[in-house]
$ cat structure.csv   # CSV, C-alpha atoms and all ligand atoms
chain,number,residue,atom,x,y,z
X,1229,MET,CA,4.5,23.3,16.9
X,1230,GLU,CA,1.2,22.2,15.4
X,1231,LYS,CA,0.1,18.8,16.6
X,1232,ILE,CA,-0.2,15.9,14.1
X,1233,LYS,CA,-3.9,15.1,13.7
X,1234,VAL,CA,-5.2,11.5,13.9
X,1235,PHE,CA,-8.8,10.8,13.0
X,1236,ILE,CA,-10.4,7.7,14.6
X,1237,SER,CA,-13.4,6.4,12.6
X,1238,ARG,CA,-15.1,4.6,15.6
X,1239,GLN,CA,-15.2,4.8,19.3
X,1240,LEU,CA,-12.5,2.4,20.5
X,1241,PRO,CA,-11.4,1.2,23.9
X,1242,ILE,CA,-10.1,4.5,25.5
X,1243,THR,CA,-6.5,3.2,25.4
X,1244,ALA,CA,-6.1,4.3,21.8
X,1245,GLU,CA,-7.2,7.9,22.4
X,1246,ASP,CA,-5.2,8.1,25.6
X,1247,LEU,CA,-2.0,6.8,24.1
X,1248,LEU,CA,-2.2,9.1,21.1
X,1249,SER,CA,-3.0,12.1,23.3
X,1250,GLN,CA,-0.2,11.3,25.7
X,1251,ALA,CA,2.1,11.1,22.7
X,1252,ASP,CA,1.0,14.7,21.8
X,1253,PHE,CA,-1.2,13.9,18.8
X,1254,GLU,CA,-4.5,15.8,18.2
X,1255,VAL,CA,-7.2,13.2,18.3
X,1256,VAL,CA,-10.6,13.4,16.8
X,1257,VAL,CA,-13.1,10.5,17.2
X,1258,TRP,CA,-16.3,9.8,15.3
X,1259,GLN,CA,-18.8,9.8,18.1
X,1260,GLU,CA,-21.8,8.1,16.5
X,1261,GLU,CA,-22.5,4.4,17.0
X,1262,TYR,CA,-23.3,3.8,13.3
X,1263,PRO,CA,-20.5,3.5,10.9
X,1264,MET,CA,-19.2,6.6,9.1
X,1265,PRO,CA,-20.5,7.2,5.6
X,1266,LYS,CA,-17.6,7.2,3.2
X,1267,SER,CA,-18.1,10.8,2.1
X,1268,THR,CA,-18.0,11.9,5.8
X,1269,LEU,CA,-14.9,9.8,6.4
X,1270,ILE,CA,-13.2,11.5,3.4
X,1271,GLU,CA,-14.3,14.9,4.7
X,1272,GLN,CA,-13.0,14.3,8.2
X,1273,CYS,CA,-9.7,13.0,6.9
X,1274,GLN,CA,-8.9,16.1,4.9
X,1275,SER,CA,-7.3,17.8,7.9
X,1276,ALA,CA,-5.7,14.6,9.4
X,1277,SER,CA,-2.3,13.0,8.8
X,1278,ALA,CA,-3.3,9.6,10.1
X,1279,LEU,CA,-6.4,7.6,10.1
X,1280,LEU,CA,-7.2,4.9,12.7
X,1281,CYS,CA,-10.0,2.9,11.0
X,1282,THR,CA,-11.7,-0.4,11.5
X,1283,GLY,CA,-12.4,-3.4,9.3
X,1284,ILE,CA,-15.7,-2.0,8.2
X,1285,ASP,CA,-14.4,1.1,6.7
X,1286,GLU,CA,-14.0,0.7,3.0
X,1287,ILE,CA,-10.5,2.1,2.2
X,1288,ASP,CA,-10.7,1.6,-1.5
X,1289,ALA,CA,-8.9,3.3,-4.4
X,1290,GLY,CA,-11.5,6.1,-4.5
X,1291,PHE,CA,-11.0,6.9,-0.8
X,1292,LEU,CA,-7.2,6.8,-1.1
X,1293,GLU,CA,-7.3,9.1,-4.2
X,1294,ALA,CA,-9.4,11.5,-2.2
X,1295,CYS,CA,-7.0,11.4,0.8
X,1296,PRO,CA,-3.5,11.1,-0.7
X,1297,HIS,CA,-2.1,13.3,2.0
X,1298,LEU,CA,-2.6,10.7,4.7
X,1299,GLU,CA,0.7,9.3,5.9
X,1300,ILE,CA,-0.5,6.2,7.7
X,1301,ILE,CA,-3.7,4.2,7.9
X,1302,SER,CA,-3.8,2.0,11.0
X,1303,THR,CA,-6.6,-0.5,11.1
X,1304,PHE,CA,-8.1,-1.9,14.3
X,1305,ALA,CA,-8.1,-5.4,12.9
X,1306,VAL,CA,-5.7,-8.2,11.9
X,1307,GLY,CA,-7.4,-8.5,8.4
X,1308,PHE,CA,-6.9,-5.8,5.9
X,1309,ASP,CA,-9.0,-6.9,3.0
X,1310,ASN,CA,-11.0,-3.7,3.3
X,1311,ILE,CA,-7.9,-1.7,2.4
X,1312,ASP,CA,-6.6,-1.5,-1.2
X,1313,ILE,CA,-3.0,-2.1,-0.3
X,1314,ASN,CA,-1.7,-1.7,-3.8
X,1315,ALA,CA,-3.4,1.7,-4.2
X,1316,ALA,CA,-2.1,2.8,-0.8
X,1317,THR,CA,1.4,1.6,-1.6
X,1318,LYS,CA,1.4,3.4,-5.0
X,1319,ILE,CA,0.3,6.7,-3.3
X,1320,GLY,CA,2.9,6.1,-0.5
X,1321,ILE,CA,0.6,5.6,2.4
X,1322,SER,CA,1.8,3.2,5.1
X,1323,VAL,CA,-0.7,0.7,6.5
X,1324,GLY,CA,-0.6,-0.9,10.0
X,1325,HIS,CA,-2.7,-3.7,11.5
X,1326,THR,CA,-3.1,-5.6,14.8
X,1327,PRO,CA,-1.8,-9.2,14.4
X,1328,GLY,CA,-1.0,-11.4,17.4
X,1329,VAL,CA,-3.1,-9.8,20.0
X,1330,LEU,CA,-6.4,-11.4,18.9
X,1331,THR,CA,-5.1,-14.8,18.1
X,1332,GLU,CA,-6.3,-16.6,21.3
X,1333,ALA,CA,-9.7,-14.9,21.4
X,1334,THR,CA,-10.5,-15.7,17.8
X,1335,ALA,CA,-9.3,-19.3,18.1
X,1336,GLU,CA,-11.6,-19.7,21.1
X,1337,ILE,CA,-14.6,-18.7,19.0
X,1338,ALA,CA,-13.7,-21.2,16.4
X,1339,PHE,CA,-13.3,-23.9,19.1
X,1340,GLY,CA,-16.6,-22.8,20.7
X,1341,LEU,CA,-18.4,-23.0,17.4
X,1342,MET,CA,-17.1,-26.5,16.8
X,1343,LEU,CA,-18.3,-27.8,20.1
X,1344,SER,CA,-21.6,-25.8,20.1
X,1345,VAL,CA,-22.5,-27.2,16.6
X,1346,ALA,CA,-21.4,-30.7,17.4
X,1347,ARG,CA,-23.5,-30.8,20.5
X,1348,HIS,CA,-26.6,-28.8,19.3
X,1349,PHE,CA,-26.2,-25.9,21.9
X,1350,LEU,CA,-28.3,-23.5,19.9
X,1351,ASP,CA,-31.0,-25.9,18.6
X,1352,THR,CA,-31.6,-27.5,22.0
X,1353,ASN,CA,-31.8,-24.1,23.7
X,1354,ARG,CA,-34.4,-23.0,21.1
X,1355,GLN,CA,-36.4,-26.2,21.8
X,1356,ILE,CA,-36.8,-25.2,25.5
X,1357,GLY,CA,-38.1,-21.8,24.6
X,1358,LYS,CA,-40.6,-23.4,22.2
X,1359,GLY,CA,-41.9,-25.7,24.9
X,1360,GLU,CA,-40.5,-28.8,23.1
X,1361,TRP,CA,-38.6,-30.2,26.2
X,1362,LYS,CA,-41.3,-32.6,27.3
X,1363,TYR,CA,-39.6,-35.9,28.0
X,1364,PHE,CA,-36.2,-37.6,27.9
X,1365,ILE,CA,-36.0,-38.9,24.4
X,1366,PRO,CA,-32.9,-41.2,24.1
X,1367,THR,CA,-32.7,-40.8,20.3
X,1368,LYS,CA,-33.1,-37.1,20.0
X,1369,ASN,CA,-30.5,-34.3,19.8
X,1370,LEU,CA,-27.7,-36.7,19.1
X,1371,GLY,CA,-24.4,-34.9,18.5
X,1372,ILE,CA,-21.0,-35.7,17.1
X,1373,ASP,CA,-18.1,-36.9,19.2
X,1374,LEU,CA,-15.0,-34.9,18.5
X,1375,LYS,CA,-12.5,-37.2,20.3
X,1376,GLY,CA,-10.0,-38.6,17.8
X,1377,LYS,CA,-11.7,-37.0,14.8
X,1378,THR,CA,-9.8,-35.1,12.1
X,1379,LEU,CA,-9.7,-31.3,12.1
X,1380,GLY,CA,-8.8,-29.7,8.8
X,1381,ILE,CA,-7.4,-26.2,9.0
X,1382,PHE,CA,-7.6,-24.0,5.9
X,1383,GLY,CA,-4.9,-21.3,6.4
X,1384,LEU,CA,-2.6,-22.4,9.2
X,1385,GLY,CA,-1.3,-19.1,10.6
X,1386,ALA,CA,-1.4,-18.0,14.2
X,1387,ILE,CA,-5.1,-18.3,14.7
X,1388,GLY,CA,-5.4,-21.7,12.9
X,1389,PHE,CA,-2.5,-22.9,15.0
X,1390,GLU,CA,-4.2,-22.0,18.3
X,1391,MET,CA,-7.5,-23.7,17.1
X,1392,ALA,CA,-5.5,-26.8,16.2
X,1393,ARG,CA,-3.6,-26.7,19.5
X,1394,ARG,CA,-6.8,-26.6,21.5
X,1395,SER,CA,-8.4,-29.3,19.5
X,1396,LYS,CA,-5.4,-31.6,19.8
X,1397,ALA,CA,-5.2,-30.9,23.6
X,1398,VAL,CA,-8.8,-31.4,24.4
X,1399,TYR,CA,-10.0,-34.0,21.9
X,1400,ASP,CA,-6.7,-35.5,20.6
X,1401,MET,CA,-7.9,-34.6,17.1
X,1402,ASN,CA,-5.7,-35.4,14.1
X,1403,ILE,CA,-4.7,-32.2,12.5
X,1404,ILE,CA,-4.4,-31.8,8.7
X,1405,TYR,CA,-4.0,-28.5,7.0
X,1406,CYS,CA,-3.9,-26.8,3.6
X,1407,ASN,CA,-1.6,-23.8,3.4
X,1408,ARG,CA,0.8,-22.2,0.9
X,1409,ASN,CA,3.7,-22.9,3.2
X,1410,ILE,CA,4.7,-25.8,5.4
X,1411,ASN,CA,4.0,-24.9,9.1
X,1412,HIS,CA,7.0,-26.6,10.8
X,1413,ASP,CA,5.8,-25.7,14.3
X,1414,ALA,CA,2.4,-27.3,13.7
X,1415,GLU,CA,4.0,-30.4,12.2
X,1416,LYS,CA,6.5,-30.7,15.1
X,1417,GLN,CA,4.3,-29.8,18.0
X,1418,LEU,CA,0.9,-31.1,16.9
X,1419,GLY,CA,1.8,-33.8,14.4
X,1420,ALA,CA,-0.1,-31.7,11.8
X,1421,LYS,CA,0.1,-33.0,8.2
X,1422,ARG,CA,0.0,-30.8,5.1
X,1423,VAL,CA,-2.5,-32.0,2.5
X,1424,SER,CA,-4.0,-30.9,-0.8
X,1425,MET,CA,-7.3,-28.9,-0.9
X,1426,ASP,CA,-9.1,-32.0,-2.1
X,1427,GLU,CA,-7.7,-34.1,0.7
X,1428,LEU,CA,-8.6,-31.4,3.2
X,1429,LEU,CA,-12.2,-31.4,2.0
X,1430,SER,CA,-12.6,-35.2,1.9
X,1431,GLN,CA,-10.8,-36.1,5.1
X,1432,SER,CA,-11.9,-33.4,7.6
X,1433,ASP,CA,-14.6,-34.1,10.2
X,1434,VAL,CA,-14.4,-30.5,11.1
X,1435,LEU,CA,-13.1,-28.0,8.6
X,1436,SER,CA,-12.1,-24.7,10.1
X,1437,VAL,CA,-11.3,-21.7,7.9
X,1438,HIS,CA,-8.5,-19.3,9.1
X,1439,ALA,CA,-7.2,-17.8,5.8
X,1440,SER,CA,-7.2,-14.2,4.7
X,1441,LEU,CA,-9.6,-13.1,2.1
X,1442,ASN,CA,-7.9,-12.3,-1.2
X,1443,ALA,CA,-8.4,-13.0,-4.9
X,1444,ASP,CA,-7.2,-16.6,-4.5
X,1445,THR,CA,-9.4,-17.5,-1.5
X,1446,LYS,CA,-12.6,-15.5,-2.4
X,1447,GLY,CA,-15.5,-18.0,-2.6
X,1448,ILE,CA,-13.2,-21.0,-2.4
X,1449,PHE,CA,-15.8,-22.8,-0.2
X,1450,ASN,CA,-18.4,-23.2,-2.9
X,1451,LYS,CA,-20.8,-25.9,-4.2
X,1452,GLY,CA,-18.0,-27.9,-5.6
X,1453,ALA,CA,-16.0,-27.8,-2.4
X,1454,PHE,CA,-18.9,-28.6,-0.1
X,1455,SER,CA,-19.8,-31.6,-2.4
X,1456,LYS,CA,-16.4,-33.1,-1.6
X,1457,MET,CA,-16.8,-32.9,2.2
X,1458,LYS,CA,-18.1,-35.7,4.4
X,1459,LYS,CA,-21.8,-35.8,5.1
X,1460,THR,CA,-21.0,-35.7,8.8
X,1461,ALA,CA,-18.6,-32.7,8.5
X,1462,ILE,CA,-18.9,-29.4,10.3
X,1463,PHE,CA,-17.8,-26.3,8.5
X,1464,ILE,CA,-16.4,-23.5,10.7
X,1465,ASN,CA,-15.5,-20.0,9.4
X,1466,THR,CA,-14.1,-17.4,11.8
X,1467,ALA,CA,-12.0,-15.6,9.1
X,1468,ARG,CA,-14.0,-13.7,6.5
X,1469,GLY,CA,-17.5,-14.4,5.1
X,1470,GLY,CA,-16.2,-13.9,1.6
X,1471,LEU,CA,-14.3,-17.2,1.7
X,1472,HIS,CA,-17.6,-19.2,1.5
X,1473,VAL,CA,-20.4,-18.8,-0.9
X,1474,GLU,CA,-23.4,-18.5,1.3
X,1475,GLU,CA,-26.1,-19.9,-1.0
X,1476,ASP,CA,-23.9,-22.9,-1.7
X,1477,LEU,CA,-23.4,-23.4,2.1
X,1478,ILE,CA,-27.2,-23.3,2.6
X,1479,GLY,CA,-27.6,-25.7,-0.3
X,1480,ALA,CA,-25.1,-28.2,1.1
X,1481,LEU,CA,-26.7,-28.1,4.5
X,1482,GLU,CA,-30.2,-28.5,3.1
X,1483,SER,CA,-29.2,-31.4,0.9
X,1484,ASN,CA,-27.3,-33.0,3.9
X,1485,GLU,CA,-24.1,-32.8,2.0
X,1486,ILE,CA,-22.5,-31.5,5.2
X,1487,TRP,CA,-23.8,-31.9,8.8
X,1488,GLY,CA,-23.5,-28.5,10.3
X,1489,ALA,CA,-21.9,-25.1,10.3
X,1490,GLY,CA,-20.6,-22.5,12.7
X,1491,LEU,CA,-19.9,-19.0,11.4
X,1492,ASP,CA,-18.5,-15.9,13.1
X,1493,VAL,CA,-18.3,-14.1,9.7
X,1494,THR,CA,-20.9,-13.7,7.0
X,1495,ASN,CA,-21.1,-12.0,3.6
X,1496,PRO,CA,-22.5,-9.4,3.8
X,1497,GLU,CA,-22.1,-8.2,7.4
X,1498,PRO,CA,-24.4,-7.6,9.2
X,1499,MET,CA,-26.4,-10.7,8.1
X,1500,HIS,CA,-30.0,-10.0,7.4
X,1501,PRO,CA,-32.3,-11.1,10.2
X,1502,ASP,CA,-34.4,-13.2,7.8
X,1503,ASN,CA,-31.4,-15.2,6.6
X,1504,LYS,CA,-32.2,-18.9,6.3
X,1505,LEU,CA,-29.0,-19.9,8.1
X,1506,LEU,CA,-30.4,-18.3,11.3
X,1507,SER,CA,-33.2,-20.8,11.6
X,1508,MET,CA,-31.5,-23.9,10.3
X,1509,PRO,CA,-30.7,-26.8,12.6
X,1510,ARG,CA,-27.1,-27.5,13.4
X,1511,VAL,CA,-26.1,-24.0,12.3
X,1512,LEU,CA,-24.8,-21.4,14.7
X,1513,VAL,CA,-24.0,-17.9,13.4
X,1514,LEU,CA,-22.3,-15.2,15.6
X,1515,PRO,CA,-22.0,-11.5,14.8
X,1516,HIS,CA,-18.2,-11.4,14.1
X,1517,ILE,CA,-17.2,-11.4,17.8
X,1518,GLY,CA,-13.8,-13.2,17.3
X,1519,SER,CA,-11.8,-10.5,19.0
X,1520,SER,CA,-14.5,-9.4,21.3
X,1521,THR,CA,-13.1,-9.7,24.8
X,1522,TYR,CA,-12.2,-6.7,27.1
X,1523,PHE,CA,-8.5,-7.6,27.1
X,1524,THR,CA,-8.2,-8.3,23.4
X,1525,ARG,CA,-10.1,-5.2,22.2
X,1526,SER,CA,-8.0,-3.1,24.5
X,1527,GLU,CA,-4.8,-4.7,23.2
X,1528,MET,CA,-5.9,-4.0,19.6
X,1529,ALA,CA,-6.5,-0.4,20.5
X,1530,ARG,CA,-3.1,-0.2,22.0
X,1531,LEU,CA,-1.4,-1.7,19.0
X,1532,ALA,CA,-3.4,0.3,16.5
X,1533,ALA,CA,-2.4,3.5,18.4
X,1534,GLU,CA,1.2,2.4,18.8
X,1535,ASN,CA,1.4,1.7,15.0
X,1536,ILE,CA,0.7,5.4,14.5
X,1537,ILE,CA,3.1,6.6,17.2
X,1538,HIS,CA,5.9,4.4,16.0
X,1539,PHE,CA,5.3,5.5,12.4
X,1540,PHE,CA,5.7,9.2,13.2
X,1541,ARG,CA,8.7,8.5,15.4
X,1542,ASN,CA,10.6,5.9,13.4
X,1543,GLY,CA,9.0,5.9,9.9
X,1544,LYS,CA,7.5,2.5,10.4
X,1545,PRO,CA,4.3,1.1,12.0
N,1,LIG,C1,-11.3,-9.2,12.7
N,1,LIG,O1,-12.0,-9.8,11.9
N,1,LIG,C2,-10.0,-8.8,12.4
N,1,LIG,O2,-9.5,-8.9,11.2
N,1,LIG,O3,-9.3,-8.2,13.3

$ encode --input "structure.csv" --output "structure tokens"
Amino acid sequence: MEKIKVFISRQLPITAEDLLSQADFEVVVWQEEYPMPKSTLIEQCQSASALLCTGIDEIDAGFLEACPHLEIISTFAVGFDNIDINAATKIGISVGHTPGVLTEATAEIAFGLMLSVARHFLDTNRQIGKGEWKYFIPTKNLGIDLKGKTLGIFGLGAIGFEMARRSKAVYDMNIIYCNRNINHDAEKQLGAKRVSMDELLSQSDVLSVHASLNADTKGIFNKGAFSKMKKTAIFINTARGGLHVEEDLIGALESNEIWGAGLDVTNPEPMHPDNKLLSMPRVLVLPHIGSSTYFTRSEMARLAAENIIHFFRNGKP
């Protein structure tokens, strides 16, 4: 019997390839380090029944119309804003993703950004390199104490919960959140309080974004939103760069409307090396490394491969 062909659009932890090969799939992997041009991806998918892609592949209506024979698209990511789910559903292509396995790693990056910005990790490191560490100056590099402060979570799903749990445990922070639904676990376990968007903006000392990017959330952190935040607030985004408007964030930081920002996601990605945010004080930008640990990436590879295996065995990812 002919093997079912899976095309993998990036080199992933070897787990994915091994699991698929062991399950008797034919596996073809894009070997280059640079992302696949869309036309090449379409070409490569012509002879495949399944695509294992990543969050940087643009799986839009055009791609889907050119590859309607695909039976499943399994993305190596929890977010699937790069995939036109409506178009895929209309054509009848199943979509799988990797929730759960990257929760802790991503929450850690949000927590790390919060502490790093609050205590000037990056600014002060740069000062040493520039020969600016000359004396002890008691009034320089003063940071923000996090103990007992208010953490606002925008989008309280699994990752937001883990960020809140860490912040509560370490700094006894008060947790407020803005979310479509009540998060009963967070209310019971962390004493979290659901608030309106305006209350989230005006009450948060640290505002951490954990929502998915969609038509309702795109650009929601804009000039108007930043103007409602505390002057001492830190803005953290580890979800998607599209949730904040970059020039409005820069404006809010320059005019001291907010105090600092920590970003693991930008819009576009990669961020241009000349971007103003990279040289601003109290700003730390990371290159989208939320899930980037050995264990987490290998778990994502396992889950993305298993989604395909389960789909062909049981009809569902
Ligand atoms: C990372 O951003 C993911 O969605 O997995």

$ residues_around --input "structure.csv" --residues "Lys1368 of chain X" --least-positions-apart "4" --cutoff "12 Å" --atoms "all atoms listed in the file" --output "list in words"
Arg1347, His1348, Asp1351, Thr1352, Gln1355, Glu1360, Trp1361, Lys1362, Tyr1363 and Phe1364 of chain X

$ residues_near_ligand --input "structure.csv" --ligand "ligand LIG 1 (chain N)" --cutoff "10 Å" --atoms "only C-alpha atoms and all ligand atoms" --output "ChimeraX atom specification"
/X:1282-1284,1303-1310,1325-1331,1334,1440,1466-1469,1492-1493,1516-1520,1525,1528

$ residues_around --input "structure.csv" --residues "segment 1275-1279 of chain X" --least-positions-apart "4" --cutoff "9 Å" --atoms "all atoms listed in the file" --output "PyMOL selection string"
chain X and resi 1232-1237+1254+1256+1271+1297-1303+1536

$ write_last_selection --input "structure.csv" --atoms "C-alpha atoms" --output "PDB file, keeping the file's coordinate frame"
ATOM      1  CA  ILE X1232      -0.200  15.900  14.100  1.00  0.00           C
ATOM      2  CA  LYS X1233      -3.900  15.100  13.700  1.00  0.00           C
ATOM      3  CA  VAL X1234      -5.200  11.500  13.900  1.00  0.00           C
ATOM      4  CA  PHE X1235      -8.800  10.800  13.000  1.00  0.00           C
ATOM      5  CA  ILE X1236     -10.400   7.700  14.600  1.00  0.00           C
ATOM      6  CA  SER X1237     -13.400   6.400  12.600  1.00  0.00           C
ATOM      7  CA  GLU X1254      -4.500  15.800  18.200  1.00  0.00           C
ATOM      8  CA  VAL X1256     -10.600  13.400  16.800  1.00  0.00           C
ATOM      9  CA  GLU X1271     -14.300  14.900   4.700  1.00  0.00           C
ATOM     10  CA  HIS X1297      -2.100  13.300   2.000  1.00  0.00           C
ATOM     11  CA  LEU X1298      -2.600  10.700   4.700  1.00  0.00           C
ATOM     12  CA  GLU X1299       0.700   9.300   5.900  1.00  0.00           C
ATOM     13  CA  ILE X1300      -0.500   6.200   7.700  1.00  0.00           C
ATOM     14  CA  ILE X1301      -3.700   4.200   7.900  1.00  0.00           C
ATOM     15  CA  SER X1302      -3.800   2.000  11.000  1.00  0.00           C
ATOM     16  CA  THR X1303      -6.600  -0.500  11.100  1.00  0.00           C
ATOM     17  CA  ILE X1536       0.700   5.400  14.500  1.00  0.00           C
TER      18      ILE X1536
END

$ closest_residue --input "structure.csv" --among "X:Ser1455, X:Ser1526, X:Thr1317, X:Ser1424" --to "Thr1243 of chain X" --atoms "all atoms listed in the file"
X:Ser1526

$ closest_residue --input "structure.csv" --among "X:Leu1441, X:Ser1507, X:Ile1356, X:Ala1397" --to "Gly1383 of chain X" --atoms "only C-alpha atoms"
X:Leu1441
